[in-house]
>>> print(open('model29.txt').read())   # compact mmCIF, N, CA and C atoms
# COMPACT_ATOMS: atom_id res chain seq x y z
N MET A 1 0.85 -1.18 0.00
CA MET A 1 0.00 0.00 0.00
C MET A 1 0.89 1.23 0.00
N GLU A 2 0.51 2.16 -0.82
CA GLU A 2 1.24 3.42 -0.92
C GLU A 2 0.58 4.44 0.01
N ILE A 3 1.41 5.15 0.80
CA ILE A 3 0.89 6.19 1.70
C ILE A 3 1.65 7.48 1.39
N LEU A 4 0.91 8.52 1.08
CA LEU A 4 1.50 9.81 0.75
C LEU A 4 1.02 10.84 1.78
N LYS A 5 1.96 11.37 2.57
CA LYS A 5 1.60 12.36 3.58
C LYS A 5 1.96 13.76 3.07
N ILE A 6 0.97 14.59 2.99
CA ILE A 6 1.14 15.99 2.64
C ILE A 6 0.67 16.77 3.87
N GLU A 7 1.06 18.03 3.96
CA GLU A 7 0.72 18.80 5.16
C GLU A 7 -0.77 18.77 5.51
N GLN A 8 -1.64 18.97 4.51
CA GLN A 8 -3.08 19.07 4.78
C GLN A 8 -3.84 17.75 4.73
N TYR A 9 -3.24 16.70 4.15
CA TYR A 9 -3.99 15.46 3.97
C TYR A 9 -3.04 14.27 3.83
N VAL A 10 -3.64 13.08 3.91
CA VAL A 10 -2.90 11.83 3.71
C VAL A 10 -3.66 11.01 2.66
N VAL A 11 -2.92 10.48 1.69
CA VAL A 11 -3.52 9.63 0.66
C VAL A 11 -3.09 8.19 0.91
N PHE A 12 -4.07 7.31 0.97
CA PHE A 12 -3.82 5.87 1.05
C PHE A 12 -4.20 5.27 -0.30
N LYS A 13 -3.27 4.54 -0.90
CA LYS A 13 -3.57 3.92 -2.19
C LYS A 13 -3.26 2.43 -2.12
N PRO A 14 -4.29 1.63 -1.78
CA PRO A 14 -4.09 0.18 -1.75
C PRO A 14 -3.73 -0.32 -3.16
N GLU A 15 -2.75 -1.20 -3.23
CA GLU A 15 -2.37 -1.74 -4.53
C GLU A 15 -3.01 -3.09 -4.78
N SER A 16 -3.70 -3.60 -3.77
CA SER A 16 -4.38 -4.89 -3.88
C SER A 16 -5.74 -4.70 -4.53
N GLU A 17 -6.20 -5.71 -5.27
CA GLU A 17 -7.55 -5.65 -5.84
C GLU A 17 -8.60 -5.97 -4.79
N ASP A 18 -8.16 -6.58 -3.68
CA ASP A 18 -9.06 -7.04 -2.64
C ASP A 18 -8.98 -6.13 -1.42
N PHE A 19 -10.04 -5.40 -1.13
CA PHE A 19 -10.09 -4.56 0.07
C PHE A 19 -10.69 -5.42 1.17
N ASP A 20 -9.81 -6.14 1.88
CA ASP A 20 -10.26 -7.11 2.88
C ASP A 20 -9.99 -6.59 4.30
N ALA A 21 -10.25 -7.44 5.28
CA ALA A 21 -10.10 -7.07 6.69
C ALA A 21 -8.65 -6.69 7.02
N THR A 22 -7.69 -7.37 6.42
CA THR A 22 -6.27 -7.09 6.67
C THR A 22 -5.92 -5.68 6.20
N LEU A 23 -6.33 -5.34 4.99
CA LEU A 23 -6.06 -4.01 4.45
C LEU A 23 -6.79 -2.94 5.26
N ALA A 24 -8.04 -3.19 5.60
CA ALA A 24 -8.82 -2.24 6.41
C ALA A 24 -8.13 -2.00 7.75
N SER A 25 -7.61 -3.06 8.34
CA SER A 25 -6.92 -2.96 9.63
C SER A 25 -5.63 -2.13 9.51
N GLN A 26 -4.88 -2.35 8.43
CA GLN A 26 -3.65 -1.57 8.21
C GLN A 26 -3.97 -0.08 8.08
N ILE A 27 -4.98 0.22 7.29
CA ILE A 27 -5.36 1.63 7.09
C ILE A 27 -5.87 2.22 8.41
N GLU A 28 -6.67 1.47 9.15
CA GLU A 28 -7.20 1.96 10.42
C GLU A 28 -6.08 2.29 11.40
N LYS A 29 -5.09 1.39 11.51
CA LYS A 29 -3.96 1.65 12.42
C LYS A 29 -3.20 2.90 12.01
N ASN A 30 -2.97 3.06 10.72
CA ASN A 30 -2.27 4.26 10.23
C ASN A 30 -3.05 5.53 10.54
N ILE A 31 -4.35 5.50 10.26
CA ILE A 31 -5.19 6.69 10.49
C ILE A 31 -5.26 7.00 11.98
N ALA A 32 -5.45 5.98 12.80
CA ALA A 32 -5.53 6.20 14.25
C ALA A 32 -4.24 6.85 14.76
N GLY A 33 -3.11 6.35 14.31
CA GLY A 33 -1.83 6.91 14.73
C GLY A 33 -1.64 8.34 14.25
N MET A 34 -1.97 8.60 13.00
CA MET A 34 -1.80 9.95 12.45
C MET A 34 -2.75 10.95 13.09
N TYR A 35 -3.96 10.48 13.41
CA TYR A 35 -4.94 11.36 14.05
C TYR A 35 -4.50 11.69 15.48
N SER A 36 -4.14 10.66 16.26
CA SER A 36 -3.81 10.91 17.67
C SER A 36 -2.44 11.57 17.84
N ALA A 37 -1.45 11.17 17.06
CA ALA A 37 -0.10 11.70 17.24
C ALA A 37 0.13 13.01 16.50
N GLU A 38 -0.49 13.15 15.33
CA GLU A 38 -0.20 14.32 14.48
C GLU A 38 -1.39 15.24 14.28
N GLY A 39 -2.56 14.83 14.76
CA GLY A 39 -3.76 15.65 14.61
C GLY A 39 -4.29 15.72 13.19
N ARG A 40 -3.98 14.72 12.39
CA ARG A 40 -4.44 14.73 10.99
C ARG A 40 -5.94 14.40 10.93
N ILE A 41 -6.67 15.16 10.07
CA ILE A 41 -8.12 14.98 9.99
C ILE A 41 -8.63 14.88 8.55
N ASN A 42 -7.73 14.92 7.57
CA ASN A 42 -8.14 14.81 6.17
C ASN A 42 -7.49 13.59 5.54
N PHE A 43 -8.34 12.69 5.06
CA PHE A 43 -7.84 11.43 4.50
C PHE A 43 -8.47 11.15 3.15
N ILE A 44 -7.63 10.74 2.21
CA ILE A 44 -8.09 10.34 0.89
C ILE A 44 -7.72 8.86 0.73
N ILE A 45 -8.70 8.05 0.38
CA ILE A 45 -8.43 6.64 0.13
C ILE A 45 -8.72 6.37 -1.34
N ASP A 46 -7.65 6.13 -2.08
CA ASP A 46 -7.73 5.93 -3.53
C ASP A 46 -8.01 4.45 -3.81
N LEU A 47 -9.20 4.17 -4.28
CA LEU A 47 -9.64 2.80 -4.50
C LEU A 47 -9.56 2.38 -5.97
N THR A 48 -8.76 3.08 -6.78
CA THR A 48 -8.73 2.79 -8.21
C THR A 48 -8.27 1.38 -8.54
N SER A 49 -7.44 0.75 -7.71
CA SER A 49 -6.99 -0.62 -7.96
C SER A 49 -7.94 -1.68 -7.41
N VAL A 50 -8.84 -1.26 -6.53
CA VAL A 50 -9.70 -2.20 -5.81
C VAL A 50 -10.85 -2.70 -6.68
N LYS A 51 -11.03 -4.03 -6.68
CA LYS A 51 -12.13 -4.65 -7.43
C LYS A 51 -13.13 -5.34 -6.49
N GLU A 52 -12.60 -5.94 -5.42
CA GLU A 52 -13.43 -6.65 -4.44
C GLU A 52 -13.43 -5.89 -3.13
N PHE A 53 -14.58 -5.91 -2.46
CA PHE A 53 -14.74 -5.11 -1.26
C PHE A 53 -15.44 -5.93 -0.19
N THR A 54 -14.94 -5.93 1.04
CA THR A 54 -15.61 -6.63 2.14
C THR A 54 -16.23 -5.63 3.10
N SER A 55 -17.03 -6.14 4.01
CA SER A 55 -17.71 -5.27 4.97
C SER A 55 -16.70 -4.57 5.89
N ALA A 56 -15.50 -5.12 6.04
CA ALA A 56 -14.47 -4.48 6.88
C ALA A 56 -14.14 -3.09 6.35
N GLY A 57 -14.20 -2.94 5.05
CA GLY A 57 -13.95 -1.63 4.44
C GLY A 57 -15.02 -0.62 4.82
N ILE A 58 -16.26 -1.07 4.79
CA ILE A 58 -17.38 -0.19 5.17
C ILE A 58 -17.25 0.23 6.63
N VAL A 59 -16.94 -0.72 7.50
CA VAL A 59 -16.76 -0.43 8.93
C VAL A 59 -15.66 0.62 9.10
N LEU A 60 -14.55 0.43 8.39
CA LEU A 60 -13.44 1.39 8.44
C LEU A 60 -13.91 2.77 8.00
N PHE A 61 -14.58 2.85 6.86
CA PHE A 61 -15.03 4.15 6.35
C PHE A 61 -15.97 4.84 7.32
N ASN A 62 -16.86 4.07 7.95
CA ASN A 62 -17.78 4.65 8.93
C ASN A 62 -17.02 5.23 10.13
N LYS A 63 -16.00 4.50 10.62
CA LYS A 63 -15.20 5.00 11.75
C LYS A 63 -14.46 6.27 11.39
N VAL A 64 -13.79 6.24 10.23
CA VAL A 64 -12.99 7.39 9.80
C VAL A 64 -13.90 8.59 9.53
N GLN A 65 -15.06 8.34 8.94
CA GLN A 65 -16.00 9.42 8.65
C GLN A 65 -16.43 10.11 9.95
N LYS A 66 -16.67 9.34 11.01
CA LYS A 66 -17.06 9.93 12.30
C LYS A 66 -15.97 10.85 12.83
N ILE A 67 -14.72 10.39 12.78
CA ILE A 67 -13.59 11.21 13.25
C ILE A 67 -13.51 12.49 12.43
N CYS A 68 -13.54 12.35 11.12
CA CYS A 68 -13.41 13.51 10.24
C CYS A 68 -14.54 14.51 10.48
N LYS A 69 -15.75 13.99 10.60
CA LYS A 69 -16.91 14.86 10.81
C LYS A 69 -16.79 15.62 12.14
N ASN A 70 -16.40 14.92 13.20
CA ASN A 70 -16.25 15.55 14.52
C ASN A 70 -15.17 16.62 14.54
N GLU A 71 -14.14 16.44 13.72
CA GLU A 71 -12.99 17.35 13.72
C GLU A 71 -13.03 18.36 12.57
N SER A 72 -14.14 18.41 11.83
CA SER A 72 -14.28 19.25 10.64
C SER A 72 -13.26 18.90 9.56
N GLY A 73 -12.88 17.64 9.54
CA GLY A 73 -11.98 17.15 8.50
C GLY A 73 -12.78 16.53 7.38
N LEU A 74 -12.08 15.80 6.51
CA LEU A 74 -12.77 15.23 5.35
C LEU A 74 -12.19 13.87 5.01
N LEU A 75 -13.07 12.94 4.73
CA LEU A 75 -12.70 11.63 4.17
C LEU A 75 -13.22 11.63 2.75
N VAL A 76 -12.31 11.37 1.80
CA VAL A 76 -12.71 11.30 0.40
C VAL A 76 -12.25 9.95 -0.16
N LEU A 77 -13.17 9.27 -0.82
CA LEU A 77 -12.84 8.02 -1.49
C LEU A 77 -12.71 8.32 -2.98
N VAL A 78 -11.76 7.66 -3.63
CA VAL A 78 -11.54 7.88 -5.06
C VAL A 78 -11.78 6.59 -5.82
N THR A 79 -12.77 6.61 -6.71
CA THR A 79 -13.02 5.46 -7.60
C THR A 79 -13.98 5.89 -8.70
N THR A 80 -13.91 5.19 -9.81
CA THR A 80 -14.89 5.38 -10.88
C THR A 80 -15.67 4.09 -11.11
N ASP A 81 -15.42 3.07 -10.28
CA ASP A 81 -16.07 1.77 -10.40
C ASP A 81 -17.51 1.86 -9.86
N ASP A 82 -18.48 1.78 -10.75
CA ASP A 82 -19.89 1.92 -10.36
C ASP A 82 -20.32 0.88 -9.34
N ASN A 83 -19.85 -0.36 -9.47
CA ASN A 83 -20.22 -1.40 -8.51
C ASN A 83 -19.70 -1.06 -7.12
N LEU A 84 -18.47 -0.58 -7.05
CA LEU A 84 -17.88 -0.18 -5.77
C LEU A 84 -18.65 0.99 -5.16
N ILE A 85 -18.97 1.96 -6.00
CA ILE A 85 -19.71 3.15 -5.54
C ILE A 85 -21.07 2.72 -4.98
N ASP A 86 -21.77 1.83 -5.70
CA ASP A 86 -23.08 1.35 -5.23
C ASP A 86 -22.96 0.61 -3.90
N THR A 87 -21.96 -0.28 -3.81
CA THR A 87 -21.76 -1.05 -2.57
C THR A 87 -21.50 -0.12 -1.40
N ILE A 88 -20.58 0.82 -1.59
CA ILE A 88 -20.23 1.75 -0.51
C ILE A 88 -21.42 2.63 -0.13
N SER A 89 -22.08 3.18 -1.13
CA SER A 89 -23.20 4.10 -0.88
C SER A 89 -24.36 3.44 -0.15
N THR A 90 -24.64 2.18 -0.48
CA THR A 90 -25.79 1.52 0.14
C THR A 90 -25.47 0.99 1.54
N GLN A 91 -24.19 0.73 1.83
CA GLN A 91 -23.85 0.13 3.12
C GLN A 91 -23.32 1.13 4.15
N ALA A 92 -22.90 2.29 3.73
CA ALA A 92 -22.33 3.28 4.66
C ALA A 92 -23.42 3.89 5.53
N GLU A 93 -23.06 4.20 6.79
CA GLU A 93 -24.01 4.81 7.72
C GLU A 93 -24.29 6.26 7.34
N ASP A 94 -23.23 6.97 6.97
CA ASP A 94 -23.32 8.38 6.60
C ASP A 94 -23.04 8.54 5.12
N PHE A 95 -23.30 9.72 4.61
CA PHE A 95 -22.90 10.04 3.24
C PHE A 95 -21.38 10.03 3.18
N LEU A 96 -20.83 9.37 2.18
CA LEU A 96 -19.38 9.38 1.97
C LEU A 96 -19.10 10.07 0.64
N LEU A 97 -18.14 10.97 0.65
CA LEU A 97 -17.78 11.68 -0.56
C LEU A 97 -16.92 10.77 -1.42
N ILE A 98 -17.41 10.48 -2.63
CA ILE A 98 -16.68 9.63 -3.57
C ILE A 98 -16.47 10.44 -4.84
N LEU A 99 -15.21 10.63 -5.21
CA LEU A 99 -14.88 11.42 -6.39
C LEU A 99 -14.08 10.57 -7.38
N PRO A 100 -14.09 10.96 -8.66
CA PRO A 100 -13.46 10.13 -9.68
C PRO A 100 -11.93 10.23 -9.78
N SER A 101 -11.31 11.26 -9.19
CA SER A 101 -9.85 11.38 -9.31
C SER A 101 -9.23 11.91 -8.03
N GLN A 102 -7.95 11.59 -7.88
CA GLN A 102 -7.22 12.06 -6.70
C GLN A 102 -7.12 13.59 -6.71
N GLU A 103 -6.99 14.19 -7.89
CA GLU A 103 -6.91 15.66 -7.99
C GLU A 103 -8.18 16.30 -7.44
N GLU A 104 -9.33 15.73 -7.81
CA GLU A 104 -10.60 16.28 -7.30
C GLU A 104 -10.73 16.08 -5.80
N ALA A 105 -10.22 14.96 -5.30
CA ALA A 105 -10.24 14.70 -3.86
C ALA A 105 -9.39 15.74 -3.13
N ILE A 106 -8.22 16.04 -3.68
CA ILE A 106 -7.34 17.03 -3.07
C ILE A 106 -8.01 18.41 -3.09
N ASP A 107 -8.65 18.76 -4.20
CA ASP A 107 -9.38 20.03 -4.29
C ASP A 107 -10.47 20.09 -3.22
N ALA A 108 -11.16 18.98 -3.01
CA ALA A 108 -12.24 18.93 -2.00
C ALA A 108 -11.67 19.18 -0.60
N VAL A 109 -10.50 18.61 -0.31
CA VAL A 109 -9.86 18.83 1.00
C VAL A 109 -9.54 20.31 1.17
N PHE A 110 -8.96 20.94 0.14
CA PHE A 110 -8.62 22.35 0.25
C PHE A 110 -9.87 23.23 0.38
N MET A 111 -10.93 22.88 -0.34
CA MET A 111 -12.19 23.64 -0.21
C MET A 111 -12.74 23.50 1.21
N ASN A 112 -12.68 22.32 1.78
CA ASN A 112 -13.14 22.08 3.14
C ASN A 112 -12.32 22.91 4.13
N GLU A 113 -11.00 22.95 3.92
CA GLU A 113 -10.13 23.75 4.78
C GLU A 113 -10.51 25.24 4.70
N LEU A 114 -10.76 25.72 3.48
CA LEU A 114 -11.15 27.12 3.30
C LEU A 114 -12.48 27.41 4.01
N GLU A 115 -13.44 26.49 3.87
CA GLU A 115 -14.73 26.67 4.55
C GLU A 115 -14.54 26.72 6.06
N ASN A 116 -13.69 25.85 6.59
CA ASN A 116 -13.42 25.85 8.03
C ASN A 116 -12.78 27.16 8.47
N ASP A 117 -11.81 27.64 7.70
CA ASP A 117 -11.16 28.92 8.02
C ASP A 117 -12.19 30.04 8.01
N PHE A 118 -13.08 30.03 7.02
CA PHE A 118 -14.11 31.06 6.91
C PHE A 118 -15.05 31.00 8.11
N LYS A 119 -15.46 29.79 8.50
CA LYS A 119 -16.34 29.63 9.67
C LYS A 119 -15.66 30.14 10.93
N ASP A 120 -14.36 29.83 11.09
CA ASP A 120 -13.61 30.30 12.26
C ASP A 120 -13.56 31.82 12.30
N GLU A 121 -13.34 32.44 11.14
CA GLU A 121 -13.31 33.90 11.08
C GLU A 121 -14.67 34.47 11.44
N GLN A 122 -15.74 33.86 10.95
CA GLN A 122 -17.10 34.32 11.25
C GLN A 122 -17.35 34.25 12.75
N GLU A 123 -16.94 33.12 13.37
CA GLU A 123 -17.15 32.95 14.80
C GLU A 123 -16.37 34.00 15.58
N ASP A 124 -15.15 34.26 15.17
CA ASP A 124 -14.33 35.28 15.86
C ASP A 124 -14.95 36.66 15.69
N GLU A 125 -15.39 36.95 14.49
CA GLU A 125 -15.91 38.27 14.18
C GLU A 125 -17.23 38.55 14.88
N PHE A 126 -18.08 37.55 14.95
CA PHE A 126 -19.42 37.76 15.50
C PHE A 126 -19.59 37.24 16.92
N GLY A 127 -18.55 36.67 17.50
CA GLY A 127 -18.62 36.19 18.88
C GLY A 127 -19.72 35.18 19.07
N MET A 128 -19.39 33.91 19.02
CA MET A 128 -20.41 32.86 19.07
C MET A 128 -20.92 32.61 20.50
N ASP A 129 -20.54 33.42 21.45
CA ASP A 129 -21.00 33.20 22.83
C ASP A 129 -22.34 33.87 23.11
N GLY A 130 -22.92 34.49 22.10
CA GLY A 130 -24.26 35.04 22.25
C GLY A 130 -24.29 36.47 22.78
N GLU A 131 -23.12 37.02 23.13
CA GLU A 131 -23.10 38.39 23.62
C GLU A 131 -23.18 39.36 22.44
N SER A 132 -23.71 40.52 22.71
CA SER A 132 -23.84 41.50 21.65
C SER A 132 -23.31 42.84 22.14
N ASP A 133 -22.78 43.63 21.24
CA ASP A 133 -22.28 44.96 21.60
C ASP A 133 -23.39 45.99 21.60
N TYR A 134 -24.59 45.63 21.17
CA TYR A 134 -25.66 46.60 21.07
C TYR A 134 -26.43 46.74 22.33
>>> encode(input="model29.txt", output="structure tokens")
Amino acid sequence: MEILKIEQYVVFKPESEDFDATLASQIEKNIAGMYSAEGRINFIIDLTSVKEFTSAGIVLFNKVQKICKNESGLLVLVTTDDNLIDTISTQAEDFLLILPSQEEAIDAVFMNELENDFKDEQEDEFGMDGESDY
């Protein structure tokens, strides 16, 4: 499995056609470590090589999605395989963002970061504690 760490995100690219429990476990351990030790909250999982998918993958995506959602991060899956998209979409607990290319996934991460920065500025500017100057 190829792992690419960039400042704002991490890309996991399984080279196996089979997304099984072993692969899901490897990715989960990596994500857990990066999240707890480095505070990483944006993950891209490139599924372009994957042909077969087990429920362990869905469980992994649901766990990672919860972390990302709680931390205002983003989980993006990359595939153009309609069967994979259908399987993931019907079995996932939450909506999962699935895009056709790694470039689009990276753009989505940067857009999410910009939205978060904008929200933070809004909160600072308007004071989210409910107090008013008027």
>>> closest_residue(input="model29.txt", among="A:Phe53, A:Phe95, A:Thr87, A:Gln8", to="Gln65 in chain A", atoms="all atoms listed in the file")
A:Phe95
>>> axis_aligned_box(input="model29.txt", around="range 24-33 of chain A", padding_each_side="6 Å", output="lines of an AutoDock Vina configuration file")
center_x = -5.2
center_y = 2.6
center_z = 10.2
size_x = 19.2
size_y = 23.5
size_z = 21.2
>>> select_by_dssp(input="model29.txt", residues="range 5-63 of chain A", states="strand (DSSP E or B)", output="PyMOL selection string")
chain A and resi 5+10-13+18-19+42-46+52-53
>>> residues_around(input="model29.txt", residues="Asn62 in chain A", least_positions_apart="5", cutoff="6.5 Å", atoms="only N, CA and C atoms", output="PyMOL selection string")
chain A and resi 57+67+92-94
>>> decode(input="model29.txt", residues="range 105-122 of chain A", atoms="C-alpha atoms", output="short mmCIF file (atom, residue, chain, number, x, y, z; two decimals), in the first residue's frame")
data_model
loop_
_atom_site.label_atom_id
_atom_site.label_comp_id
_atom_site.auth_asym_id
_atom_site.auth_seq_id
_atom_site.Cartn_x
_atom_site.Cartn_y
_atom_site.Cartn_z
CA ALA A 105 -10.24 14.70 -3.86
CA ILE A 106 -7.34 17.03 -3.07
CA ASP A 107 -9.38 20.03 -4.29
CA ALA A 108 -12.24 18.93 -2.00
CA VAL A 109 -9.86 18.83 1.00
CA PHE A 110 -8.62 22.35 0.25
CA MET A 111 -12.19 23.64 -0.21
CA ASN A 112 -13.14 22.08 3.14
CA GLU A 113 -10.13 23.75 4.78
CA LEU A 114 -11.15 27.12 3.30
CA GLU A 115 -14.73 26.67 4.55
CA ASN A 116 -13.42 25.85 8.03
CA ASP A 117 -11.16 28.92 8.02
CA PHE A 118 -14.11 31.06 6.91
CA LYS A 119 -16.34 29.63 9.67
CA ASP A 120 -13.61 30.30 12.26
CA GLU A 121 -13.31 33.90 11.08
CA GLN A 122 -17.10 34.32 11.25
#
